[in-house]
Amino acid sequence: MSLSKVKVAVVEDNGMARTNIRNHLLDMGFTQISCFSNGRELKNNLKNQRLDLLLMDFHLGQNKNGVEVVQDLQKIKKITHSTCVMFITSDRLPLIIGQIVDVHPEALLVKPYTIRNLVKNISNCLALHQYLMPVFEMMDEDNYPQALVLLDLLIKENEHPKKRSALTKLRARLLTKLGHYKEAADLYRTILQHSDKVIWAKWGLIQNLFLDGHVEESETLLRELTESELTNDKACEWLARISVSNNQYNKAENYMHKIREGELSIPAARLKAYIYQAQERGNEAISLLEKKRESNRSIRERYDEISLDLARCYIGEAELRSKSQRTSDLQVAKFLIGAAGRKLSDPSLTVRKDYMFAMIAFMEGNVEKANEILTRPGMSELEDAEISTITDAVQAWRNSGDTDKAKEFLKLSQKKLREIEDGNEKTVSGMLVSKGEDAIGEKRPQALEFNKVGLQKYTRKDYQGATDDFYQAYLLFPRELAFSLNLLQGLVDAELQSYKKVHTLEFLAELQNRELNEGNKKRLDEIVSRIAKKKDIYYTASEDAQQNDGEDNDRAT
């Protein structure tokens with residue numbers, strides 16, 4: 001490809017550095033060069049044109065960093081696999097480098113760099129990208145099977161050793177995308193056999209082991225990574241997400257506590273806040289997000305996004321209160337929503353805020369106001385919206401009485417959830433989608449039926465059979481305390497140390513960490529007294545398990 005035909009964007013907040021890069025690009029033969037100081041300017045420019053090469057700085061002053069910008073543009077498909085992305089940064093911190101690597105750039109150039117080094121990196125990146133362009137174009141069309149076939153042909157024909165690492169890495173990503181987890185894990189193992197320092201291969205192996213059902217092995221590898229300062233934070237986030245997937249929120253919280261609060265990334269802080277909320281501890285979620293919001297006051301885009309997350313927390317708290325006690329929480333939520341993005345004219349942000357205002361109006365009993373908001377332009381055009389906005393739409397349309405519309409948006413949120421690759425975002429979005437599913441109520445009749453049959457079996461003292469039905473009800477509604485308490489009681493009366501994914505004593509600790517009313521506290525205390533009478537079953541087993549864990553850790557060390 002002639003360099004004069006390559007559309008290039010340079011995103012750099014330092015004006016002199018931006019000019020220097022542009023001049024070097026002109027000397028190389030590029031002519032279609034656009035320069036921007038932040039992600040918003042780039043996004044606005046990409047509305048009506050495609051991009052071939054992106055040179056992205058990491059730190060962008062009082063704006064979202066380069067990784068956040070790339071992730072946002074990938075979500076709305078303004079940056080695709082066909083776009084060659086190259087990062088430039090002065091930061092050598094492993095935490096920063098790790099964030100950059102996660103978005104799969106073609107190259108990473110660390111400042112200060114020489115002109116020769118810049119030219120060489122750009123030339124090599126474009127050459128490799130052009131070589132793989134047929135594969136990338138198929139990936140852009142979601143034709144992953146054919147992309148893998150073509151990539152294998154290129155690997156077979158490849159005569160350049162320097163390309164081998166990039167081709168192997170792409171092949172592993174394609175195998176994961178296609179669900180060939182065992183094959184992908186084997187490929188990552190092969191890479192690690194040659195060098196156990198290839199950190200992206202370690203993360204890839206862990207991901208594919210988990211997806212292939214080898215959860216314990218992936219957890220073991222993650223726990224090993226928590227022993228290093230360089231990988232602790234990411235490993236703890238991953239372990240927390242695994243715990244959330246098993247409805248073990250107390251365990252998830254303990255992992256998140258191992259990350260220093262000041263070093264929590266925005267996605268990690270959001271995950272931790274939702275873990276608090278899942279345990280009905282909204283005040284702690286609010287406190288965490290308020291600290292994060294204040295520390296990001298100078299970065300307006302982040303500040304606005306955290307403000308909306310915080311507003312959603314206040315709405316969640318209001319939902320737990322009676323109508324007469326909601327006013328204070330809803331007033332704070334309205335203030336936060338109104339203040340977010342006040343100086344920006346972004347139609348998608350307007351829709352996002354309007355759905356939250358509609359939810360509040362319904363909660364205040366102002367149905368006329370809520371329905372007026374729902375008729376505003378753009379309220380039904382959510383294909384490019386965040387999952388949080390779509391699940392707000394589910395709630396709002398259900399409250400309006402339009403169940404069909406609510407179900408339509410619920411399906412859209414489920415579809416978008418399957419497309420998310422970022423782990424923290426997927427977990428948080430999954431929790432929001434589950435809340436939307438609960439709002440529609442399609443699972444509740446099924447869960448109630450399982451619970452009813454379980455109670456009948458329990459009355460007949462068929463504790464094993466009752467536990468199975470209580471477990472099914474619990475899976476459908478894990479946050480319903482009645483189902484959880486029934487399951488715990490079934491486990492204890494059936495004298496089971498564990499059942500499927502539920503370990504009895506861990507489950508007990510989880511429930512003890514929840515906000516319980518007096519009736520539920522009394523019932524839980526009764527179950528605890530039953531466990532105390534069966535020490536020989538539970539506590540001996542627990543001590544043995546801890547001893548085995550210790551031996552496993554010794555062997556790992």
# chains A, B, ... in the order shown; residues from 1 in each chain; ligands from 1
>>> residues_around(residues="Leu505 (chain A)", least_positions_apart="5", cutoff="12 Å", atoms="only C-alpha atoms", output="list in words")
Gln248, Leu488, Gln489, Leu491, Val492, Glu495, Leu496, Gln497, Ser498, Tyr499, Glu510, Leu511, Gln512, Ile527, Val528, Ile531, Ala532, Lys535, Ile537, Tyr538, Tyr539, Thr540, Ala541, Ser542, Glu543 and Ala545 of chain A
>>> residues_around(residues="Lys405 (chain A)", least_positions_apart="2", cutoff="12 Å", atoms="only C-alpha atoms", output="ChimeraX atom specification")
/A:374,379-380,390-391,393-403,407-412,440
>>> atom_distance(atom1="CA of Leu310 (chain A)", atom2="CA of Glu290 (chain A)")
7.2 Å
>>> closest_residue(among="A:Asn208, A:Ser195, A:Gln74, A:Gln146", to="Glu183 (chain A)", atoms="only C-alpha atoms")
A:Asn208
>>> residues_around(residues="region 357-370 of chain A", least_positions_apart="2", cutoff="10 Å", atoms="only C-alpha atoms", output="PyMOL selection string")
chain A and resi 315+318-319+323-324+326-327+330-331+333-334+337-338+351-355+372-375+392-397+399-400
>>> write_last_selection(atoms="C-alpha atoms", output="JSON list (two decimals), in the first residue's frame")
[["chain", "number", "residue", "atom", "x", "y", "z"],
["A", 315, "ILE", "CA", -30.99, 4.57, 42.89],
["A", 318, "ALA", "CA", -33.66, 3.93, 47.05],
["A", 319, "GLU", "CA", -35.10, 0.70, 45.60],
["A", 323, "LYS", "CA", -41.55, 5.09, 48.97],
["A", 324, "SER", "CA", -41.66, 7.57, 51.86],
["A", 326, "ARG", "CA", -36.58, 7.34, 49.03],
["A", 327, "THR", "CA", -36.52, 11.12, 48.61],
["A", 330, "LEU", "CA", -33.21, 10.07, 44.66],
["A", 331, "GLN", "CA", -32.38, 13.76, 45.11],
["A", 333, "ALA", "CA", -28.97, 10.66, 42.22],
["A", 334, "LYS", "CA", -30.70, 13.43, 40.21],
["A", 337, "ILE", "CA", -26.96, 12.68, 36.74],
["A", 338, "GLY", "CA", -27.64, 16.33, 35.95],
["A", 351, "VAL", "CA", -30.05, 9.13, 26.26],
["A", 352, "ARG", "CA", -28.09, 7.45, 29.04],
["A", 353, "LYS", "CA", -29.04, 10.19, 31.49],
["A", 354, "ASP", "CA", -32.67, 10.31, 30.34],
["A", 355, "TYR", "CA", -33.19, 6.61, 31.08],
["A", 372, "GLU", "CA", -42.67, 11.87, 28.50],
["A", 373, "ILE", "CA", -38.95, 11.08, 28.86],
["A", 374, "LEU", "CA", -39.43, 7.71, 27.13],
["A", 375, "THR", "CA", -40.92, 9.43, 24.05],
["A", 392, "ASP", "CA", -31.86, 0.86, 32.66],
["A", 393, "ALA", "CA", -34.11, 0.81, 29.58],
["A", 394, "VAL", "CA", -35.36, -2.67, 30.52],
["A", 395, "GLN", "CA", -36.35, -1.38, 33.95],
["A", 396, "ALA", "CA", -37.94, 1.82, 32.61],
["A", 397, "TRP", "CA", -40.03, 0.14, 29.89],
["A", 399, "ASN", "CA", -42.31, 0.15, 34.72],
["A", 400, "SER", "CA", -44.16, 1.84, 31.85]]
>>> residues_around(residues="region 476-479 of chain A", least_positions_apart="4", cutoff="7 Å", atoms="only C-alpha atoms", output="ChimeraX atom specification")
/A:247,443,447,472,484
>>> residues_around(residues="Trp200 (chain A)", least_positions_apart="2", cutoff="10 Å", atoms="only C-alpha atoms", output="short mmCIF file (atom, residue, chain, number, x, y, z; two decimals) with all heavy atoms, in the first residue's frame")
data_model
loop_
_atom_site.label_atom_id
_atom_site.label_comp_id
_atom_site.auth_asym_id
_atom_site.auth_seq_id
_atom_site.Cartn_x
_atom_site.Cartn_y
_atom_site.Cartn_z
N GLY A 98 0.88 -3.41 31.16
CA GLY A 98 -0.13 -4.48 31.15
C GLY A 98 -1.44 -4.02 30.56
O GLY A 98 -2.08 -4.76 29.79
N VAL A 101 -1.00 -3.77 26.75
CA VAL A 101 -0.94 -5.09 26.12
C VAL A 101 -2.33 -5.71 25.99
O VAL A 101 -2.62 -6.43 25.03
CB VAL A 101 0.02 -6.01 26.92
CG1 VAL A 101 -0.09 -7.46 26.45
CG2 VAL A 101 1.46 -5.53 26.77
N ASP A 102 -3.22 -5.42 26.95
CA ASP A 102 -4.56 -6.01 26.96
C ASP A 102 -5.41 -5.61 25.75
O ASP A 102 -6.37 -6.28 25.42
CB ASP A 102 -5.30 -5.62 28.24
CG ASP A 102 -4.85 -6.46 29.43
OD1 ASP A 102 -4.18 -7.49 29.21
OD2 ASP A 102 -5.17 -6.09 30.58
N LYS A 169 0.56 -15.61 18.50
CA LYS A 169 -0.31 -14.89 19.44
C LYS A 169 -1.71 -14.70 18.85
O LYS A 169 -2.72 -14.92 19.53
CB LYS A 169 0.31 -13.53 19.77
CG LYS A 169 -0.36 -12.79 20.90
CD LYS A 169 0.41 -11.53 21.23
CE LYS A 169 -0.21 -10.77 22.40
NZ LYS A 169 0.55 -9.54 22.71
N TYR A 188 -0.56 -21.99 24.41
CA TYR A 188 0.05 -21.10 25.42
C TYR A 188 1.07 -21.87 26.26
O TYR A 188 2.12 -21.32 26.63
CB TYR A 188 -1.04 -20.51 26.32
CG TYR A 188 -1.82 -19.38 25.67
CD1 TYR A 188 -3.21 -19.46 25.52
CD2 TYR A 188 -1.19 -18.23 25.22
CE1 TYR A 188 -3.93 -18.43 24.92
CE2 TYR A 188 -1.89 -17.19 24.63
CZ TYR A 188 -3.26 -17.30 24.49
OH TYR A 188 -3.97 -16.28 23.90
N LEU A 192 5.08 -21.02 26.88
CA LEU A 192 5.65 -20.89 28.22
C LEU A 192 6.77 -21.89 28.47
O LEU A 192 7.64 -21.66 29.31
CB LEU A 192 4.55 -21.03 29.27
CG LEU A 192 3.55 -19.87 29.32
CD1 LEU A 192 2.34 -20.22 30.17
CD2 LEU A 192 4.23 -18.61 29.87
N LYS A 197 8.56 -16.43 31.13
CA LYS A 197 8.45 -14.98 31.41
C LYS A 197 7.44 -14.28 30.50
O LYS A 197 7.21 -13.09 30.63
CB LYS A 197 9.82 -14.30 31.24
CG LYS A 197 10.93 -14.89 32.07
CD LYS A 197 10.75 -14.58 33.53
CE LYS A 197 12.00 -14.98 34.31
NZ LYS A 197 11.73 -15.86 35.41
N VAL A 198 6.86 -15.02 29.55
CA VAL A 198 5.92 -14.39 28.60
C VAL A 198 4.57 -14.23 29.31
O VAL A 198 3.74 -15.14 29.33
CB VAL A 198 5.76 -15.24 27.32
CG1 VAL A 198 4.88 -14.51 26.31
CG2 VAL A 198 7.12 -15.54 26.71
N LYS A 202 0.78 -16.42 29.94
CA LYS A 202 0.26 -16.90 31.23
C LYS A 202 -1.21 -16.53 31.38
O LYS A 202 -2.04 -17.35 31.77
CB LYS A 202 1.07 -16.30 32.39
CG LYS A 202 2.44 -16.93 32.57
CD LYS A 202 3.11 -16.40 33.82
CE LYS A 202 4.49 -17.04 34.00
NZ LYS A 202 5.18 -16.54 35.22
N TRP A 203 -1.53 -15.26 31.05
CA TRP A 203 -2.93 -14.84 31.15
C TRP A 203 -3.79 -15.63 30.17
O TRP A 203 -4.92 -16.02 30.49
CB TRP A 203 -3.06 -13.34 30.87
CG TRP A 203 -2.39 -12.45 31.87
CD1 TRP A 203 -1.45 -11.50 31.61
CD2 TRP A 203 -2.60 -12.40 33.29
NE1 TRP A 203 -1.06 -10.87 32.77
CE2 TRP A 203 -1.75 -11.40 33.82
CE3 TRP A 203 -3.42 -13.12 34.17
CZ2 TRP A 203 -1.71 -11.10 35.17
CZ3 TRP A 203 -3.36 -12.82 35.52
CH2 TRP A 203 -2.52 -11.82 36.01
N GLY A 204 -3.26 -15.85 28.97
CA GLY A 204 -4.02 -16.62 27.97
C GLY A 204 -4.27 -18.04 28.43
O GLY A 204 -5.38 -18.58 28.25
N LEU A 205 -3.27 -18.67 29.04
CA LEU A 205 -3.43 -20.04 29.55
C LEU A 205 -4.50 -20.08 30.65
O LEU A 205 -5.39 -20.94 30.63
CB LEU A 205 -2.09 -20.54 30.11
CG LEU A 205 -2.12 -21.91 30.81
CD1 LEU A 205 -2.59 -23.00 29.86
CD2 LEU A 205 -0.74 -22.25 31.37
N ILE A 206 -4.43 -19.13 31.57
CA ILE A 206 -5.41 -19.08 32.67
C ILE A 206 -6.82 -18.91 32.13
O ILE A 206 -7.76 -19.60 32.56
CB ILE A 206 -5.06 -17.94 33.64
CG1 ILE A 206 -3.78 -18.29 34.42
CG2 ILE A 206 -6.20 -17.64 34.60
CD1 ILE A 206 -3.16 -17.12 35.15
#
>>> closest_residue(among="A:Leu46, A:Leu109, A:Ala311, A:Val149", to="Lys77 (chain A)", atoms="only C-alpha atoms")
A:Leu46
>>> residues_around(residues="Tyr255 (chain A)", least_positions_apart="4", cutoff="7 Å", atoms="only C-alpha atoms", output="list of chain:residue names")
A:Cys236, A:Leu239, A:Ala240, A:Lys251
>>> atom_distance(atom1="CA of Ala17 (chain A)", atom2="CA of Ile79 (chain A)")
23.3 Å
>>> decode(residues="region 441-455 of chain A", atoms="N, CA, C and O atoms", output="PDB file, in the first residue's frame")
ATOM      1  N   GLY A 441     -38.926 -10.911  35.256  1.00  0.00           N
ATOM      2  CA  GLY A 441     -39.634 -11.909  36.054  1.00  0.00           C
ATOM      3  C   GLY A 441     -39.822 -13.259  35.402  1.00  0.00           C
ATOM      4  O   GLY A 441     -40.583 -14.081  35.916  1.00  0.00           O
ATOM      5  N   GLU A 442     -39.138 -13.522  34.294  1.00  0.00           N
ATOM      6  CA  GLU A 442     -39.350 -14.802  33.609  1.00  0.00           C
ATOM      7  C   GLU A 442     -38.773 -15.974  34.405  1.00  0.00           C
ATOM      8  O   GLU A 442     -39.246 -17.090  34.302  1.00  0.00           O
ATOM      9  N   LYS A 443     -37.752 -15.710  35.216  1.00  0.00           N
ATOM     10  CA  LYS A 443     -37.140 -16.795  35.982  1.00  0.00           C
ATOM     11  C   LYS A 443     -37.891 -17.098  37.279  1.00  0.00           C
ATOM     12  O   LYS A 443     -37.810 -18.195  37.802  1.00  0.00           O
ATOM     13  N   ARG A 444     -38.578 -16.086  37.812  1.00  0.00           N
ATOM     14  CA  ARG A 444     -39.173 -16.240  39.140  1.00  0.00           C
ATOM     15  C   ARG A 444     -40.174 -17.393  39.238  1.00  0.00           C
ATOM     16  O   ARG A 444     -40.097 -18.190  40.192  1.00  0.00           O
ATOM     17  N   PRO A 445     -41.130 -17.537  38.300  1.00  0.00           N
ATOM     18  CA  PRO A 445     -42.068 -18.662  38.419  1.00  0.00           C
ATOM     19  C   PRO A 445     -41.346 -20.011  38.451  1.00  0.00           C
ATOM     20  O   PRO A 445     -41.728 -20.907  39.211  1.00  0.00           O
ATOM     21  N   GLN A 446     -40.305 -20.129  37.643  1.00  0.00           N
ATOM     22  CA  GLN A 446     -39.534 -21.373  37.602  1.00  0.00           C
ATOM     23  C   GLN A 446     -38.834 -21.610  38.943  1.00  0.00           C
ATOM     24  O   GLN A 446     -38.844 -22.733  39.476  1.00  0.00           O
ATOM     25  N   ALA A 447     -38.234 -20.553  39.494  1.00  0.00           N
ATOM     26  CA  ALA A 447     -37.539 -20.675  40.779  1.00  0.00           C
ATOM     27  C   ALA A 447     -38.516 -21.017  41.898  1.00  0.00           C
ATOM     28  O   ALA A 447     -38.225 -21.856  42.763  1.00  0.00           O
ATOM     29  N   LEU A 448     -39.674 -20.373  41.889  1.00  0.00           N
ATOM     30  CA  LEU A 448     -40.687 -20.651  42.915  1.00  0.00           C
ATOM     31  C   LEU A 448     -41.175 -22.096  42.852  1.00  0.00           C
ATOM     32  O   LEU A 448     -41.432 -22.725  43.892  1.00  0.00           O
ATOM     33  N   GLU A 449     -41.270 -22.639  41.639  1.00  0.00           N
ATOM     34  CA  GLU A 449     -41.711 -24.023  41.481  1.00  0.00           C
ATOM     35  C   GLU A 449     -40.659 -24.985  42.047  1.00  0.00           C
ATOM     36  O   GLU A 449     -41.006 -25.942  42.760  1.00  0.00           O
ATOM     37  N   PHE A 450     -39.378 -24.737  41.734  1.00  0.00           N
ATOM     38  CA  PHE A 450     -38.304 -25.567  42.299  1.00  0.00           C
ATOM     39  C   PHE A 450     -38.343 -25.508  43.824  1.00  0.00           C
ATOM     40  O   PHE A 450     -38.209 -26.516  44.520  1.00  0.00           O
ATOM     41  N   ASN A 451     -38.503 -24.290  44.366  1.00  0.00           N
ATOM     42  CA  ASN A 451     -38.527 -24.107  45.812  1.00  0.00           C
ATOM     43  C   ASN A 451     -39.711 -24.841  46.441  1.00  0.00           C
ATOM     44  O   ASN A 451     -39.585 -25.477  47.491  1.00  0.00           O
ATOM     45  N   LYS A 452     -40.853 -24.782  45.773  1.00  0.00           N
ATOM     46  CA  LYS A 452     -42.070 -25.450  46.273  1.00  0.00           C
ATOM     47  C   LYS A 452     -41.870 -26.967  46.341  1.00  0.00           C
ATOM     48  O   LYS A 452     -42.187 -27.603  47.352  1.00  0.00           O
ATOM     49  N   VAL A 453     -41.337 -27.536  45.261  1.00  0.00           N
ATOM     50  CA  VAL A 453     -41.095 -28.981  45.227  1.00  0.00           C
ATOM     51  C   VAL A 453     -40.060 -29.355  46.288  1.00  0.00           C
ATOM     52  O   VAL A 453     -40.184 -30.385  46.967  1.00  0.00           O
ATOM     53  N   GLY A 454     -39.034 -28.496  46.452  1.00  0.00           N
ATOM     54  CA  GLY A 454     -38.015 -28.748  47.467  1.00  0.00           C
ATOM     55  C   GLY A 454     -38.604 -28.776  48.866  1.00  0.00           C
ATOM     56  O   GLY A 454     -38.245 -29.633  49.686  1.00  0.00           O
ATOM     57  N   LEU A 455     -39.518 -27.856  49.158  1.00  0.00           N
ATOM     58  CA  LEU A 455     -40.162 -27.821  50.480  1.00  0.00           C
ATOM     59  C   LEU A 455     -40.988 -29.085  50.721  1.00  0.00           C
ATOM     60  O   LEU A 455     -41.025 -29.617  51.842  1.00  0.00           O
TER      61      LEU A 455
END
